[in-house]
Amino acid sequence: MTGIEGRYDELLAAGELRPDPDQAAAVVALAALQSQLERGAPKRGFFARLSGARAERPRGIYMWGGVGRGKSMLMDLAYESIDFGPKRRIHFHEFMLDVHERLRVERTKESGDPVPPVAAQLAAEARLLCFDEMVINNTADAMILSRLFSHLLDGGVTVITTSNRPPDDLYKNGLNRELFLPFIALIKERLDVISLNGPVDYRLERLAGLPVWHVPNGPAATEALREAFFRLTDYPVEDAANVPVLDLAIPGGRALRVPKALKGVAVFSFRKLCGEARGASDYLAIARNFHTVILVGIPILGPENRNEAARFVTLIDALYEHKVKLLAAADAQPDDLYVSGDGAFEFERTASRLMEMQSADYLAAGHGED
């Protein structure tokens, strides 16, 4: 099987990637892990047990960085290149859904702590676990991760994961975060933390030339936004029915269902976000957790739907302040969304922001930048 360094060099030579010192450093680390895993695998056989030899336990890798810096691409190269198994590559949210279901089954057995047997099941199924987009946004995940990963790592599982955040920023400002701190310490102790914040934002390049505001609502706009979602996330179109769903934790103990959520891209309908009773805390949670929002079904606004318009203003303020990219389908251009009646004057600032959010400078800004 071709090594990750060779495959990465091929992509550079073909012009699909450009020289990036952060990526190069990550490739060196991943190649070293590949060598260690492939060289160490035979030591688990009969002669190793007979001699009492024990292979050095490989350290996992935690790659974090801004959007579009190649984290998922490098993890996939490693997963495809490393001749070691069994192995599993999964989106982190899907993994946690699987974990919670296994814990539920174990609890029905009433045989004690459910975490060790679940960890044993996972370790038996995969000696190499590759997680895409580690993000912790609810208390249930935060409460079990330290213990679960301790058992997995002690059981000989090697972990490669990506995240948009450094370990210290995981579950930042989360409820009872002090209970999550041992997990952060575990990551630093057992995984090599590698920053990927190179000069090229490949996801921004995918947005280049891609319309972000579609008029009017309808099949053509929906199809264009659907294409944009798959272009931004690299998710296989043929598996569209299985795009992950996310329950986003909102301060105060509530949850917001995100019908499509992948690699920091979230899809919502206007009716869901602005037609229901929601407030600033909902919109701030969205802005903090997603670098791109796709919003469909924005109608013409006016005094007759004043409440929806007010929520939309609050939503756009939150997205704008956090430099979230907005791709939308609406029944009019921003300047024509709310043109008459009470509230039209106040909406002018939102229309101006919506226009600015389509600019090259705004699209080039990093998520969360001031």
# chains A, B, ... in the order shown; residues from 1 in each chain; ligands from 1
>>> residues_around(residues="A:Phe92", least_positions_apart="6", cutoff="12 Å", atoms="only C-alpha atoms", output="list in words")
Ser72, Asp98, Val99, Leu129, Cys130, Phe131, Asp132, Glu133, Met134, Val135, Ile136, Asn137, Asp141, Leu145, Val159, Ile160, Thr161, Thr162, Ser163, Pro244, Val245, Leu246, Ala261, Leu262, Lys263 and Gly264 of chain A
>>> closest_atom_pairs(of="stretch 237-282 of chain A", to="stretch 321-339 of chain A", cutoff="12 Å", atoms="only C-alpha atoms", output="CSV")
residue,atom,partner,partner_atom,distance
A:Gly264,CA,A:Val324,CA,10.1
A:Val265,CA,A:Lys325,CA,9.2
A:Ala266,CA,A:Leu326,CA,9.9
A:Val267,CA,A:Leu327,CA,9.4
A:Phe268,CA,A:Ala328,CA,9.7
A:Ser269,CA,A:Ala329,CA,9.5
A:Phe270,CA,A:Ala330,CA,9.4
>>> write_last_selection(atoms="C-alpha atoms", output="tab-separated table (two decimals), in the first residue's frame")
chain	number	residue	atom	x	y	z
A	264	GLY	CA	-19.23	22.92	9.97
A	265	VAL	CA	-21.95	23.40	7.34
A	266	ALA	CA	-25.58	23.50	8.53
A	267	VAL	CA	-28.82	23.57	6.56
A	268	PHE	CA	-32.01	25.19	7.89
A	269	SER	CA	-35.35	26.43	6.65
A	270	PHE	CA	-36.49	29.99	7.37
>>> residues_around(residues="A:Arg7", least_positions_apart="6", cutoff="12 Å", atoms="only C-alpha atoms", output="list in words")
Met1, Ala13, Ala14, Glu16, Leu17, Val27, Ala31, Met73, Leu74, Asp76, Leu77, Ala78, Tyr79, Glu80, Ser81 and Ile82 of chain A
>>> write_last_selection(atoms="N, CA and C atoms", output="PDB file, in the first residue's frame")
ATOM      1  N   MET A   1       0.846  -1.191   0.000  1.00  0.00           N
ATOM      2  CA  MET A   1       0.000   0.000   0.000  1.00  0.00           C
ATOM      3  C   MET A   1       0.883   1.243   0.000  1.00  0.00           C
ATOM      4  N   ALA A  13       2.309  17.378  -6.959  1.00  0.00           N
ATOM      5  CA  ALA A  13       2.827  17.370  -8.329  1.00  0.00           C
ATOM      6  C   ALA A  13       1.718  17.599  -9.347  1.00  0.00           C
ATOM      7  N   ALA A  14       0.508  17.113  -9.036  1.00  0.00           N
ATOM      8  CA  ALA A  14      -0.614  17.268  -9.958  1.00  0.00           C
ATOM      9  C   ALA A  14      -1.256  18.643  -9.861  1.00  0.00           C
ATOM     10  N   GLU A  16      -3.111  19.700  -7.444  1.00  0.00           N
ATOM     11  CA  GLU A  16      -4.344  19.682  -6.664  1.00  0.00           C
ATOM     12  C   GLU A  16      -4.147  20.311  -5.289  1.00  0.00           C
ATOM     13  N   LEU A  17      -2.912  20.324  -4.813  1.00  0.00           N
ATOM     14  CA  LEU A  17      -2.561  20.993  -3.566  1.00  0.00           C
ATOM     15  C   LEU A  17      -1.391  21.919  -3.829  1.00  0.00           C
ATOM     16  N   VAL A  27       1.814  15.651   7.521  1.00  0.00           N
ATOM     17  CA  VAL A  27       2.089  14.444   6.732  1.00  0.00           C
ATOM     18  C   VAL A  27       3.252  13.664   7.329  1.00  0.00           C
ATOM     19  N   ALA A  31       2.847   9.932   8.583  1.00  0.00           N
ATOM     20  CA  ALA A  31       3.698   8.895   8.006  1.00  0.00           C
ATOM     21  C   ALA A  31       4.431   8.128   9.101  1.00  0.00           C
ATOM     22  N   MET A  73      -8.933  15.944   4.408  1.00  0.00           N
ATOM     23  CA  MET A  73      -8.208  15.346   3.290  1.00  0.00           C
ATOM     24  C   MET A  73      -7.015  14.544   3.791  1.00  0.00           C
ATOM     25  N   LEU A  74      -6.241  15.105   4.726  1.00  0.00           N
ATOM     26  CA  LEU A  74      -5.078  14.392   5.246  1.00  0.00           C
ATOM     27  C   LEU A  74      -5.487  13.170   6.055  1.00  0.00           C
ATOM     28  N   ASP A  76      -8.139  11.397   5.580  1.00  0.00           N
ATOM     29  CA  ASP A  76      -8.574  10.377   4.621  1.00  0.00           C
ATOM     30  C   ASP A  76      -7.374   9.723   3.924  1.00  0.00           C
ATOM     31  N   LEU A  77      -6.359  10.523   3.591  1.00  0.00           N
ATOM     32  CA  LEU A  77      -5.152   9.945   3.003  1.00  0.00           C
ATOM     33  C   LEU A  77      -4.518   8.935   3.952  1.00  0.00           C
ATOM     34  N   ALA A  78      -4.477   9.292   5.229  1.00  0.00           N
ATOM     35  CA  ALA A  78      -3.899   8.388   6.219  1.00  0.00           C
ATOM     36  C   ALA A  78      -4.728   7.124   6.340  1.00  0.00           C
ATOM     37  N   TYR A  79      -6.031   7.294   6.414  1.00  0.00           N
ATOM     38  CA  TYR A  79      -6.914   6.136   6.574  1.00  0.00           C
ATOM     39  C   TYR A  79      -6.767   5.167   5.390  1.00  0.00           C
ATOM     40  N   GLU A  80      -6.723   5.731   4.196  1.00  0.00           N
ATOM     41  CA  GLU A  80      -6.613   4.885   2.997  1.00  0.00           C
ATOM     42  C   GLU A  80      -5.227   4.259   2.872  1.00  0.00           C
ATOM     43  N   SER A  81      -4.190   4.923   3.394  1.00  0.00           N
ATOM     44  CA  SER A  81      -2.818   4.455   3.206  1.00  0.00           C
ATOM     45  C   SER A  81      -2.371   3.452   4.253  1.00  0.00           C
ATOM     46  N   ILE A  82      -2.850   3.596   5.469  1.00  0.00           N
ATOM     47  CA  ILE A  82      -2.333   2.770   6.568  1.00  0.00           C
ATOM     48  C   ILE A  82      -2.843   1.336   6.459  1.00  0.00           C
TER      49      ILE A  82
END
>>> select_by_dssp(residues="stretch 186-260 of chain A", states="helix (DSSP H, G or I)", output="JSON, numbers by chain")
{"A": [186, 187, 188, 189, 190, 202, 203, 204, 205, 206, 207, 219, 220, 221, 222, 223, 224, 225, 226, 227, 228, 229, 230, 231, 232, 233, 237, 238, 239, 240, 241, 242]}
>>> residues_around(residues="A:Leu284", least_positions_apart="5", cutoff="8 Å", atoms="only C-alpha atoms", output="list in words")
Leu315, Ala318 and Leu319 of chain A
>>> closest_residue(among="A:Val237, A:Ile300, A:Leu295, A:Ile187", to="A:Pro259", atoms="only C-alpha atoms")
A:Leu295
>>> residues_around(residues="A:Glu189", least_positions_apart="3", cutoff="12 Å", atoms="only C-alpha atoms", output="ChimeraX atom specification")
/A:59-62,149-150,153,167,182-186,192-193
>>> write_last_selection(atoms="C-alpha atoms", output="PDB file, in the first residue's frame")
ATOM      1  CA  ARG A  59       0.320   8.060  20.024  1.00  0.00           C
ATOM      2  CA  GLY A  60      -2.717   9.226  18.146  1.00  0.00           C
ATOM      3  CA  ILE A  61      -2.978  12.499  16.227  1.00  0.00           C
ATOM      4  CA  TYR A  62      -5.305  15.463  16.755  1.00  0.00           C
ATOM      5  CA  PHE A 149     -11.463   7.371  25.480  1.00  0.00           C
ATOM      6  CA  SER A 150      -9.346   6.297  28.436  1.00  0.00           C
ATOM      7  CA  LEU A 153      -6.624   4.140  24.363  1.00  0.00           C
ATOM      8  CA  PRO A 167      -8.239  20.926  22.521  1.00  0.00           C
ATOM      9  CA  PRO A 182     -10.000  15.489  32.107  1.00  0.00           C
ATOM     10  CA  PHE A 183     -10.812  14.686  28.473  1.00  0.00           C
ATOM     11  CA  ILE A 184      -8.816  17.705  27.282  1.00  0.00           C
ATOM     12  CA  ALA A 185      -5.914  16.594  29.464  1.00  0.00           C
ATOM     13  CA  LEU A 186      -6.199  13.080  28.007  1.00  0.00           C
ATOM     14  CA  ASP A 192       0.047  14.598  19.215  1.00  0.00           C
ATOM     15  CA  VAL A 193      -1.732  17.931  18.667  1.00  0.00           C
TER      16      VAL A 193
END
>>> residues_around(residues="A:Ile194", least_positions_apart="5", cutoff="7 Å", atoms="only C-alpha atoms", output="ChimeraX atom specification")
/A:26,62-64
>>> closest_residue(among="A:Val212, A:Ala310, A:Ala25, A:Leu232", to="A:Met357", atoms="only C-alpha atoms")
A:Val212
>>> atom_distance(atom1="atom CA of A:Lys188", atom2="atom CA of A:Gly253")
28.8 Å
>>> closest_residue(among="A:Glu308, A:Asp247, A:Asp22, A:Asp361", to="A:Ala277", atoms="only C-alpha atoms")
A:Glu308
>>> select_by_dssp(residues="stretch 8-167 of chain A", states="strand (DSSP E or B)", output="PyMOL selection string")
chain A and resi 60-64+87-91+128-132+158-163
>>> write_last_selection(atoms="N, CA and C atoms", output="compact mmCIF listing (two decimals), in the first residue's frame")
# COMPACT_ATOMS: atom_id res chain seq x y z
N GLY A 60 -1.80 8.79 19.18
CA GLY A 60 -2.72 9.23 18.15
C GLY A 60 -2.39 10.64 17.69
N ILE A 61 -3.22 11.17 16.79
CA ILE A 61 -2.98 12.50 16.23
C ILE A 61 -4.28 13.30 16.24
N TYR A 62 -4.18 14.52 16.71
CA TYR A 62 -5.31 15.46 16.75
C TYR A 62 -4.94 16.65 15.87
N MET A 63 -5.60 16.76 14.71
CA MET A 63 -5.32 17.85 13.78
C MET A 63 -6.42 18.90 13.88
N TRP A 64 -6.03 20.13 14.17
CA TRP A 64 -7.03 21.19 14.28
C TRP A 64 -6.60 22.39 13.44
N LYS A 87 -10.04 -1.15 10.94
CA LYS A 87 -10.04 0.29 11.10
C LYS A 87 -11.41 0.84 10.72
N ARG A 88 -11.68 2.05 11.22
CA ARG A 88 -12.99 2.66 10.99
C ARG A 88 -12.82 4.15 10.83
N ARG A 89 -13.49 4.72 9.83
CA ARG A 89 -13.50 6.16 9.59
C ARG A 89 -14.94 6.63 9.69
N ILE A 90 -15.21 7.62 10.57
CA ILE A 90 -16.59 8.02 10.83
C ILE A 90 -16.64 9.48 11.26
N HIS A 91 -17.72 10.14 10.93
CA HIS A 91 -17.93 11.49 11.43
C HIS A 91 -18.17 11.42 12.93
N LEU A 128 -7.87 1.09 14.72
CA LEU A 128 -7.58 2.46 14.27
C LEU A 128 -8.91 3.16 14.06
N LEU A 129 -9.14 4.23 14.83
CA LEU A 129 -10.37 5.00 14.72
C LEU A 129 -10.04 6.38 14.18
N CYS A 130 -10.69 6.74 13.07
CA CYS A 130 -10.48 8.06 12.47
C CYS A 130 -11.78 8.84 12.57
N PHE A 131 -11.74 9.97 13.29
CA PHE A 131 -12.92 10.80 13.51
C PHE A 131 -12.78 12.09 12.73
N ASP A 132 -13.81 12.45 12.00
CA ASP A 132 -13.82 13.74 11.33
C ASP A 132 -14.65 14.71 12.13
N THR A 158 -5.80 3.22 18.41
CA THR A 158 -5.12 4.44 17.98
C THR A 158 -6.15 5.37 17.35
N VAL A 159 -6.10 6.64 17.70
CA VAL A 159 -7.09 7.61 17.25
C VAL A 159 -6.44 8.69 16.41
N ILE A 160 -7.05 8.97 15.26
CA ILE A 160 -6.72 10.14 14.45
C ILE A 160 -8.00 10.95 14.35
N THR A 161 -7.94 12.23 14.69
CA THR A 161 -9.15 13.04 14.64
C THR A 161 -8.86 14.43 14.11
N THR A 162 -9.89 15.07 13.59
CA THR A 162 -9.79 16.46 13.14
C THR A 162 -10.77 17.31 13.94
N SER A 163 -10.47 18.58 14.03
CA SER A 163 -11.36 19.52 14.70
C SER A 163 -11.04 20.93 14.22
>>> closest_residue(among="A:Gly155, A:Gly297, A:Pro303, A:Gly40", to="A:Thr222", atoms="only C-alpha atoms")
A:Gly297
>>> residues_around(residues="A:Ala142", least_positions_apart="2", cutoff="8 Å", atoms="only C-alpha atoms", output="list in words")
Ile136, Asn137, Asn138, Thr139, Ala140, Ile144, Leu145, Ser146, Tyr171, Arg177, Leu179 and Phe180 of chain A
